[in-house]
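Scroll down for the structure; my scribbles are underneath it.
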Protein chains: 2
Amino acid sequence: MTKKKRKLLSIDDYIPHLAYDTVIFGFNGEHLKILILEYYATGLFALPGGFVKRDENLDDGVKRGLRERTGLDNIYLEQFHTFGDLSRHNHGAMQRILDANGYESEDGNWLLDRFISVAYYALINYKDVDPKPDDLSDSINWYPVDELPPLMMDHHKIVTMALQTLKNNLEKKLVGMNLLPNKFTMKELQQVYEAILGEKLRRTNFQRKMLALDILDRHEKLFLGQANRAPYLYSFKSNKS
Amino acid sequence: MTKKKRKLLSIDDYIPHLAYDTVIFGFNGEHLKILILEYYATGLFALPGGFVKRDENLDDGVKRGLRERTGLDNIYLEQFHTFGDLSRHNHGAMQRILDANGYESEDGNWLLDRFISVAYYALINYKDVDPKPDDLSDSINWYPVDELPPLMMDHHKIVTMALQTLKNNLEKKLVGMNLLPNKFTMKELQQVYEAILGEKLRRTNFQRKMLALDILDRHEKLFLGQANRAPYLYSFKSNKS
DNA sequence: TCTTTATTGTCTCAATTTATTACAATAATA
DNA sequence: TATTATTGTAATAAATTGAGACAATAAAGA
């Protein structure tokens, strides 16, 4: 690979030593998946992340990054932990990434520093997105949460904690709303819950519980051409009541 | 007040733009309280906080700060949110604090920058602590959570979120263990729960629930000289089973 | 010594919630 | 029209929680 000279992220624009990582969850109708990117010619897998500009809010920086990668605005986003151990600093890996991309070492100095990273998870509607790699990476793909490639630094720990937080928030934050299309069947909603909790749920109890919450609107039936009773479609009630 | 020349925190030792704030909870037997410090001659109240050294883990930096302020080691500590809005940057307030302490403006340059702050809450045994003010502050005192003085910047928001997180974690994290002395009565345990939840609980049902959890050891009775049946003392089971 | 009083430790029964099972109502297919 | 695989709902059992009753004290006072 020939060395390319690229315009580098400038230390003047960004807060030094501060980064963010995002665990972007999607649901393909069966499995819970997350977006993982692979850096050029290094075989290094990582969570999508980025840096925060000196003149923007932390949250806005993360939203900007998500918009660039997914094309989506108004993504459901939640901060869950900040990782600040010295051990997460891995000079070698970052150097390889910069080298493989043709950056001069001295250019990338600040990128080789220690970083504290604020981790977020995002929930998106799987079908809405055609993820785009960024300048430093040559691919970004969906991976089932239980079949991840080996991730660099502490990114696997970050995913684990994101999953745990998602589990804890499942009840109170109406997670399903953000992982499903506007209309969905009760079965699909149940599958989202099962994927997040990592356990099978009883169909009848799940249905009763969801209906009792009074958060769903029932719509027309969905005819899939199957030789059995057609399920209703539901949507989450808009809370403009 | 005469200007004093002090040795200032040096930018060379600390990660720039990064701070932490701690909401330190204590329980005096009746109310839930937190430690608030007041800066010299400014009337500014704030949460205890500090900065992270370039060669220490984020968590260790926070523990170091807690040790300096409370004299305690092995404090129960939990990170709950990172605050990174531009609006929390308040050049004026920091300038007043530095001025009142006799620092030259140029010395304090990096302290006047924008800061991202990682917030933690700590739980300590109220009686164990005689809090010490730091170099910049002339007092540090316990305040009931519902009678706080006006706090600088977004510190009130930080307290609110700490309380909310504490409430959410009450069931799963055995919060009581860290706010009470080794041995305590069922009534005291209930008061901790009530203070955190902000509501009264039924004595009999609370007792039944706690005993059913099988996390308490029952010890001798506590005779307080009151004209009624003496309560048992309890402690949390050590999980060295 | 015998009441009285304020709590504490348990129990009981009602109300509510959750688990489990049963079964009727389909939507194609044969 | 019978068959089959689901889906929607109801019925019943089991478990949990709410509310109240009551006996067991520990000291004070008569």
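Lettering and numbering for the structure tokens are positional, with chains as A, B, ... in the shown order, residues counted from 1 in each chain, and ligands counted from 1 in the shown order.
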Problem - Within 10 Å of Asn168 of chain A using only C-alpha atoms (C1' of nucleotides), minus same-chain residues under 4 positions, as a PyMOL selection string - result: (chain A and resi 162-164+172-173+196-197) or (chain B and resi 168)
After a least-squares superposition on chain B over all sequentially paired C-alpha atoms, what is chain A as an mmCIF file with C-alpha atoms, in the first residue's frame?
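superposed10.cif, freshly written:
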```cif
data_model
loop_
_atom_site.group_PDB
_atom_site.id
_atom_site.type_symbol
_atom_site.label_atom_id
_atom_site.label_comp_id
_atom_site.auth_asym_id
_atom_site.auth_seq_id
_atom_site.Cartn_x
_atom_site.Cartn_y
_atom_site.Cartn_z
ATOM 1 C CA MET A 1 -7.538 39.630 52.161
ATOM 2 C CA THR A 2 -3.912 39.741 51.120
ATOM 3 C CA LYS A 3 -2.815 37.949 47.989
ATOM 4 C CA LYS A 4 -1.031 34.724 48.704
ATOM 5 C CA LYS A 5 1.298 32.979 46.322
ATOM 6 C CA ARG A 6 0.579 29.277 46.370
ATOM 7 C CA LYS A 7 1.938 26.346 44.531
ATOM 8 C CA LEU A 8 -0.630 25.724 41.860
ATOM 9 C CA LEU A 9 -1.875 22.523 40.338
ATOM 10 C CA SER A 10 0.354 22.138 37.325
ATOM 11 C CA ILE A 11 -1.006 21.396 33.887
ATOM 12 C CA ASP A 12 1.976 19.092 33.434
ATOM 13 C CA ASP A 13 0.618 16.669 36.027
ATOM 14 C CA TYR A 14 -3.048 16.615 35.089
ATOM 15 C CA ILE A 15 -5.191 15.714 32.108
ATOM 16 C CA PRO A 16 -6.508 18.996 30.715
ATOM 17 C CA HIS A 17 -10.234 19.619 30.318
ATOM 18 C CA LEU A 18 -11.068 16.664 32.537
ATOM 19 C CA ALA A 19 -12.447 16.884 36.053
ATOM 20 C CA TYR A 20 -14.528 14.832 38.418
ATOM 21 C CA ASP A 21 -17.217 15.684 40.929
ATOM 22 C CA THR A 22 -18.327 13.533 43.814
ATOM 23 C CA VAL A 23 -21.670 13.407 45.564
ATOM 24 C CA ILE A 24 -20.738 12.011 48.965
ATOM 25 C CA PHE A 25 -23.747 10.600 50.776
ATOM 26 C CA GLY A 26 -23.942 10.048 54.505
ATOM 27 C CA PHE A 27 -26.802 9.087 56.816
ATOM 28 C CA ASN A 28 -26.964 10.631 60.267
ATOM 29 C CA GLY A 29 -29.574 8.236 61.611
ATOM 30 C CA GLU A 30 -32.408 10.361 60.323
ATOM 31 C CA HIS A 31 -31.577 12.228 57.134
ATOM 32 C CA LEU A 32 -29.630 11.572 53.994
ATOM 33 C CA LYS A 33 -26.940 14.223 53.687
ATOM 34 C CA ILE A 34 -24.213 15.178 51.255
ATOM 35 C CA LEU A 35 -20.921 16.998 51.631
ATOM 36 C CA ILE A 36 -20.806 20.498 50.151
ATOM 37 C CA LEU A 37 -17.804 22.776 50.208
ATOM 38 C CA GLU A 38 -17.696 26.554 50.193
ATOM 39 C CA TYR A 39 -14.890 28.439 48.455
ATOM 40 C CA TYR A 40 -12.985 31.151 50.266
ATOM 41 C CA ALA A 41 -14.535 34.572 50.234
ATOM 42 C CA THR A 42 -16.754 33.961 47.255
ATOM 43 C CA GLY A 43 -19.922 32.520 48.731
ATOM 44 C CA LEU A 44 -19.757 29.812 46.096
ATOM 45 C CA PHE A 45 -20.946 26.345 47.084
ATOM 46 C CA ALA A 46 -19.857 23.304 45.140
ATOM 47 C CA LEU A 47 -19.474 19.568 45.151
ATOM 48 C CA PRO A 48 -16.056 18.249 46.107
ATOM 49 C CA GLY A 49 -14.139 17.505 42.953
ATOM 50 C CA GLY A 50 -10.715 17.404 41.437
ATOM 51 C CA PHE A 51 -8.545 16.477 38.530
ATOM 52 C CA VAL A 52 -7.028 13.296 37.209
ATOM 53 C CA LYS A 53 -3.295 12.833 36.925
ATOM 54 C CA ARG A 54 -1.815 11.880 33.606
ATOM 55 C CA ASP A 55 -0.413 8.678 35.070
ATOM 56 C CA GLU A 56 -3.334 7.418 37.120
ATOM 57 C CA ASN A 57 -6.588 5.637 36.365
ATOM 58 C CA LEU A 58 -9.695 7.799 36.395
ATOM 59 C CA ASP A 59 -11.164 5.789 39.266
ATOM 60 C CA ASP A 60 -7.941 6.051 41.224
ATOM 61 C CA GLY A 61 -7.886 9.801 40.847
ATOM 62 C CA VAL A 62 -11.336 10.013 42.343
ATOM 63 C CA LYS A 63 -10.375 7.705 45.209
ATOM 64 C CA ARG A 64 -7.315 9.845 45.877
ATOM 65 C CA GLY A 65 -9.499 12.920 46.131
ATOM 66 C CA LEU A 66 -11.903 11.199 48.475
ATOM 67 C CA ARG A 67 -9.080 10.016 50.684
ATOM 68 C CA GLU A 68 -7.702 13.534 50.930
ATOM 69 C CA ARG A 69 -11.076 14.963 51.907
ATOM 70 C CA THR A 70 -12.427 12.286 54.202
ATOM 71 C CA GLY A 71 -9.360 10.396 55.396
ATOM 72 C CA LEU A 72 -11.175 7.210 54.441
ATOM 73 C CA ASP A 73 -9.937 4.425 52.229
ATOM 74 C CA ASN A 74 -12.045 1.727 50.612
ATOM 75 C CA ILE A 75 -14.998 3.989 50.101
ATOM 76 C CA TYR A 76 -17.963 2.666 48.174
ATOM 77 C CA LEU A 77 -17.835 4.568 44.925
ATOM 78 C CA GLU A 78 -19.883 4.476 41.768
ATOM 79 C CA GLN A 79 -19.606 6.450 38.576
ATOM 80 C CA PHE A 80 -22.981 7.523 37.234
ATOM 81 C CA HIS A 81 -22.672 10.169 34.512
ATOM 82 C CA THR A 82 -20.319 12.412 32.577
ATOM 83 C CA PHE A 83 -21.331 16.020 32.119
ATOM 84 C CA GLY A 84 -20.005 17.655 28.988
ATOM 85 C CA ASP A 85 -22.171 20.589 28.016
ATOM 86 C CA LEU A 86 -20.524 23.809 26.972
ATOM 87 C CA SER A 87 -22.943 25.683 29.205
ATOM 88 C CA ARG A 88 -21.332 24.262 32.323
ATOM 89 C CA HIS A 89 -18.207 26.242 31.546
ATOM 90 C CA ASN A 90 -18.280 29.280 33.804
ATOM 91 C CA HIS A 91 -15.178 31.358 33.395
ATOM 92 C CA GLY A 92 -16.302 34.031 35.820
ATOM 93 C CA ALA A 93 -16.885 31.781 38.797
ATOM 94 C CA MET A 94 -13.551 30.019 38.465
ATOM 95 C CA GLN A 95 -11.805 33.351 38.056
ATOM 96 C CA ARG A 96 -13.368 34.602 41.296
ATOM 97 C CA ILE A 97 -12.245 31.509 43.132
ATOM 98 C CA LEU A 98 -8.693 31.835 41.867
ATOM 99 C CA ASP A 99 -8.606 35.571 42.579
ATOM 100 C CA ALA A 100 -9.904 35.110 46.102
ATOM 101 C CA ASN A 101 -7.124 32.647 46.708
ATOM 102 C CA GLY A 102 -4.358 34.869 45.445
ATOM 103 C CA TYR A 103 -3.469 33.040 42.277
ATOM 104 C CA GLU A 104 -2.116 34.982 39.356
ATOM 105 C CA SER A 105 -4.465 34.749 36.401
ATOM 106 C CA GLU A 106 -1.849 33.431 34.052
ATOM 107 C CA ASP A 107 -0.994 30.657 36.481
ATOM 108 C CA GLY A 108 -4.515 29.362 36.475
ATOM 109 C CA ASN A 109 -5.086 29.470 32.780
ATOM 110 C CA TRP A 110 -5.836 25.809 32.308
ATOM 111 C CA LEU A 111 -8.280 25.872 35.222
ATOM 112 C CA LEU A 112 -10.283 28.502 33.364
ATOM 113 C CA ASP A 113 -10.756 26.228 30.363
ATOM 114 C CA ARG A 114 -13.808 24.217 29.550
ATOM 115 C CA PHE A 115 -14.067 21.016 31.587
ATOM 116 C CA ILE A 116 -15.819 17.732 31.041
ATOM 117 C CA SER A 117 -16.650 16.276 34.414
ATOM 118 C CA VAL A 118 -17.158 12.648 35.353
ATOM 119 C CA ALA A 119 -19.562 12.400 38.276
ATOM 120 C CA TYR A 120 -19.428 9.766 41.000
ATOM 121 C CA TYR A 121 -21.401 9.131 44.108
ATOM 122 C CA ALA A 122 -19.886 7.766 47.275
ATOM 123 C CA LEU A 123 -21.530 6.194 50.309
ATOM 124 C CA ILE A 124 -19.864 6.575 53.665
ATOM 125 C CA ASN A 125 -20.557 5.937 57.292
ATOM 126 C CA TYR A 126 -21.413 9.371 58.586
ATOM 127 C CA LYS A 127 -19.792 8.886 61.988
ATOM 128 C CA ASP A 128 -16.440 7.814 60.578
ATOM 129 C CA VAL A 129 -15.690 11.113 58.954
ATOM 130 C CA ASP A 130 -14.435 14.508 59.925
ATOM 131 C CA PRO A 131 -14.302 16.205 56.526
ATOM 132 C CA LYS A 132 -11.370 18.489 55.681
ATOM 133 C CA PRO A 133 -11.562 21.559 53.451
ATOM 134 C CA ASP A 134 -8.987 21.721 50.665
ATOM 135 C CA ASP A 135 -6.641 24.513 49.632
ATOM 136 C CA LEU A 136 -9.259 26.466 47.767
ATOM 137 C CA SER A 137 -12.160 26.113 50.181
ATOM 138 C CA ASP A 138 -12.703 27.236 53.706
ATOM 139 C CA SER A 139 -15.434 24.887 54.764
ATOM 140 C CA ILE A 140 -16.926 21.551 53.953
ATOM 141 C CA ASN A 141 -20.152 20.535 55.623
ATOM 142 C CA TRP A 142 -22.996 18.074 55.585
ATOM 143 C CA TYR A 143 -26.279 19.287 54.128
ATOM 144 C CA PRO A 144 -29.560 17.373 54.031
ATOM 145 C CA VAL A 145 -30.301 16.531 50.416
ATOM 146 C CA ASP A 146 -33.483 18.574 50.510
ATOM 147 C CA GLU A 147 -31.889 21.647 52.071
ATOM 148 C CA LEU A 148 -28.920 22.350 49.833
ATOM 149 C CA PRO A 149 -27.504 25.844 49.374
ATOM 150 C CA PRO A 150 -27.492 27.172 45.805
ATOM 151 C CA LEU A 151 -24.696 25.315 44.050
ATOM 152 C CA MET A 152 -22.439 26.650 41.327
ATOM 153 C CA MET A 153 -22.656 25.639 37.676
ATOM 154 C CA ASP A 154 -24.589 22.431 37.071
ATOM 155 C CA HIS A 155 -23.851 20.895 40.452
ATOM 156 C CA HIS A 156 -27.448 20.806 41.528
ATOM 157 C CA LYS A 157 -28.295 18.795 38.434
ATOM 158 C CA ILE A 158 -25.470 16.445 39.312
ATOM 159 C CA VAL A 159 -26.906 15.904 42.791
ATOM 160 C CA THR A 160 -30.358 15.256 41.367
ATOM 161 C CA MET A 161 -29.013 12.648 39.016
ATOM 162 C CA ALA A 162 -26.965 11.049 41.783
ATOM 163 C CA LEU A 163 -30.077 10.712 43.932
ATOM 164 C CA GLN A 164 -32.003 9.207 41.057
ATOM 165 C CA THR A 165 -29.242 6.706 40.382
ATOM 166 C CA LEU A 166 -29.026 5.817 44.055
ATOM 167 C CA LYS A 167 -32.769 5.162 44.049
ATOM 168 C CA ASN A 168 -32.492 2.923 41.007
ATOM 169 C CA ASN A 169 -29.623 0.985 42.523
ATOM 170 C CA LEU A 170 -31.131 0.665 45.974
ATOM 171 C CA GLU A 171 -32.451 -2.851 45.493
ATOM 172 C CA LYS A 172 -29.594 -4.431 43.648
ATOM 173 C CA LYS A 173 -26.586 -2.881 45.290
ATOM 174 C CA LEU A 174 -27.178 -3.247 49.032
ATOM 175 C CA VAL A 175 -26.773 0.460 49.544
ATOM 176 C CA GLY A 176 -27.575 0.252 53.233
ATOM 177 C CA MET A 177 -24.373 -1.624 53.915
ATOM 178 C CA ASN A 178 -22.299 1.420 53.143
ATOM 179 C CA LEU A 179 -24.350 4.081 54.880
ATOM 180 C CA LEU A 180 -24.749 2.338 58.224
ATOM 181 C CA PRO A 181 -22.358 1.274 60.957
ATOM 182 C CA ASN A 182 -21.484 -2.396 61.174
ATOM 183 C CA LYS A 183 -24.399 -3.158 63.478
ATOM 184 C CA PHE A 184 -27.757 -1.460 63.142
ATOM 185 C CA THR A 185 -31.399 -1.971 63.955
ATOM 186 C CA MET A 186 -34.093 -2.829 61.464
ATOM 187 C CA LYS A 187 -35.573 0.588 62.059
ATOM 188 C CA GLU A 188 -32.344 2.323 61.073
ATOM 189 C CA LEU A 189 -32.131 0.249 57.916
ATOM 190 C CA GLN A 190 -35.695 1.187 57.092
ATOM 191 C CA GLN A 191 -34.915 4.860 57.640
ATOM 192 C CA VAL A 192 -32.080 4.640 55.130
ATOM 193 C CA TYR A 193 -34.464 3.174 52.589
ATOM 194 C CA GLU A 194 -37.076 5.798 53.306
ATOM 195 C CA ALA A 195 -34.576 8.634 53.031
ATOM 196 C CA ILE A 196 -33.383 7.409 49.644
ATOM 197 C CA LEU A 197 -36.795 6.578 48.241
ATOM 198 C CA GLY A 198 -38.351 9.692 49.693
ATOM 199 C CA GLU A 199 -41.395 7.801 50.963
ATOM 200 C CA LYS A 200 -42.596 6.004 54.060
ATOM 201 C CA LEU A 201 -42.539 2.218 54.051
ATOM 202 C CA ARG A 202 -44.651 -0.226 56.021
ATOM 203 C CA ARG A 203 -42.711 -1.541 58.963
ATOM 204 C CA THR A 204 -43.923 -5.134 58.883
ATOM 205 C CA ASN A 205 -43.500 -5.570 55.151
ATOM 206 C CA PHE A 206 -40.078 -4.028 55.198
ATOM 207 C CA GLN A 207 -38.935 -6.354 57.961
ATOM 208 C CA ARG A 208 -40.337 -9.422 56.242
ATOM 209 C CA LYS A 209 -38.720 -8.468 52.948
ATOM 210 C CA MET A 210 -35.295 -7.816 54.440
ATOM 211 C CA LEU A 211 -35.296 -11.044 56.424
ATOM 212 C CA ALA A 212 -36.443 -13.001 53.365
ATOM 213 C CA LEU A 213 -33.478 -11.688 51.384
ATOM 214 C CA ASP A 214 -31.253 -13.701 53.686
ATOM 215 C CA ILE A 215 -28.543 -11.065 53.731
ATOM 216 C CA LEU A 216 -28.649 -10.172 57.422
ATOM 217 C CA ASP A 217 -27.123 -11.726 60.505
ATOM 218 C CA ARG A 218 -29.023 -11.174 63.729
ATOM 219 C CA HIS A 219 -27.054 -10.280 66.830
ATOM 220 C CA GLU A 220 -27.760 -9.277 70.421
ATOM 221 C CA LYS A 221 -30.517 -6.897 71.389
ATOM 222 C CA LEU A 222 -29.940 -3.194 71.748
ATOM 223 C CA PHE A 223 -31.147 -1.814 75.057
ATOM 224 C CA LEU A 224 -31.664 1.907 74.820
ATOM 225 C CA GLY A 225 -33.453 2.320 78.160
ATOM 226 C CA GLN A 226 -36.745 2.844 76.431
ATOM 227 C CA ALA A 227 -39.938 1.556 77.918
ATOM 228 C CA ASN A 228 -40.564 -0.999 75.228
ATOM 229 C CA ARG A 229 -39.294 -4.140 73.600
ATOM 230 C CA ALA A 230 -35.636 -3.823 72.614
ATOM 231 C CA PRO A 231 -34.823 -4.298 68.919
ATOM 232 C CA TYR A 232 -32.254 -6.754 67.642
ATOM 233 C CA LEU A 233 -29.054 -5.545 66.072
ATOM 234 C CA TYR A 234 -28.248 -6.790 62.592
ATOM 235 C CA SER A 235 -25.243 -6.774 60.311
ATOM 236 C CA PHE A 236 -24.900 -7.609 56.654
ATOM 237 C CA LYS A 237 -23.690 -11.138 56.045
ATOM 238 C CA SER A 238 -20.119 -11.240 54.920
ATOM 239 C CA ASN A 239 -20.126 -12.907 51.528
ATOM 240 C CA LYS A 240 -17.063 -15.018 52.211
ATOM 241 C CA SER A 241 -19.459 -17.964 52.678
#
```
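Considering only segment 120-177 of chain A, backbone DSSP assigns strand (DSSP E) to A:Tyr120, A:Tyr121, A:Ala122, A:Leu123, A:Ser137, A:Asp138, A:Ser139, A:Ile140, A:Asn141, A:Trp142, A:Tyr143, A:Pro144.
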Practice task
Name all residues at most 9 Å from segment 11-25 of chain D (count only C-alpha atoms (C1' of nucleotides); drop same-chain ones fewer than 4 positions away) and give them as number ranges by chain.
Solution key: B: 202, 205, 228-230; C: 7-12, 14-22
Suppose we keep C-alpha atoms (C1' of nucleotides); can you now write the selection as a short mmCIF file (atom, residue, chain, number, x, y, z; two decimals), in the first residue's frame?
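Once everything was written out, this is part.cif:
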```
data_model
loop_
_atom_site.label_atom_id
_atom_site.label_comp_id
_atom_site.auth_asym_id
_atom_site.auth_seq_id
_atom_site.Cartn_x
_atom_site.Cartn_y
_atom_site.Cartn_z
CA ARG B 202 -44.69 -0.13 56.17
CA ASN B 205 -43.69 -5.54 55.34
CA ASN B 228 -40.41 -0.87 75.32
CA ARG B 229 -39.22 -4.04 73.71
CA ALA B 230 -35.58 -3.82 72.66
"C1'" DT C 7 -42.12 -0.41 70.36
"C1'" DT C 8 -40.80 -4.63 68.21
"C1'" DG C 9 -41.36 -9.33 66.16
"C1'" DT C 10 -44.75 -12.42 64.01
"C1'" DC C 11 -48.80 -13.97 62.02
"C1'" DT C 12 -53.08 -13.81 59.39
"C1'" DA C 14 -57.05 -9.90 51.76
"C1'" DA C 15 -55.59 -7.90 47.47
"C1'" DT C 16 -52.72 -7.96 43.69
"C1'" DT C 17 -49.55 -9.81 40.55
"C1'" DT C 18 -47.44 -13.51 38.05
"C1'" DA C 19 -47.19 -18.35 36.28
"C1'" DT C 20 -49.31 -22.12 33.94
"C1'" DT C 21 -52.69 -24.27 31.35
"C1'" DA C 22 -56.51 -24.59 28.41
#
```
Sorted by chain and rising residue number, which residues of chain D lie within 6 Å of chain A, and what are their closest atom pairs and distances in Å to one decimal, counting only C-alpha atoms (C1' of nucleotides), as CSV?
```
residue,atom,partner,partner_atom,distance
D:DA5,C1',A:Asn228,CA,5.5
D:DT6,C1',A:Asn228,CA,5.2
D:DT7,C1',A:Arg229,CA,5.7
```
Write a file of the just-selected residues containing C-alpha atoms (C1' of nucleotides), as a PDB file, in the first residue's frame.
```
ATOM      1  C1'  DA D   5     -49.790 -24.014  12.988  1.00  0.00           C
ATOM      2  C1'  DT D   6     -50.270 -19.905  15.234  1.00  0.00           C
ATOM      3  C1'  DT D   7     -52.506 -16.176  17.729  1.00  0.00           C
TER       4       DT D   7
END
```
Exercise for the section: Could you give me the residues within segment 13-238 of chain B that DSSP places in helix (DSSP H, G or I), as a PyMOL selection string? Expected result: chain B and resi 58-70+86-88+91-100+109-112+126-128+155-169+176-179+186-197+203-213
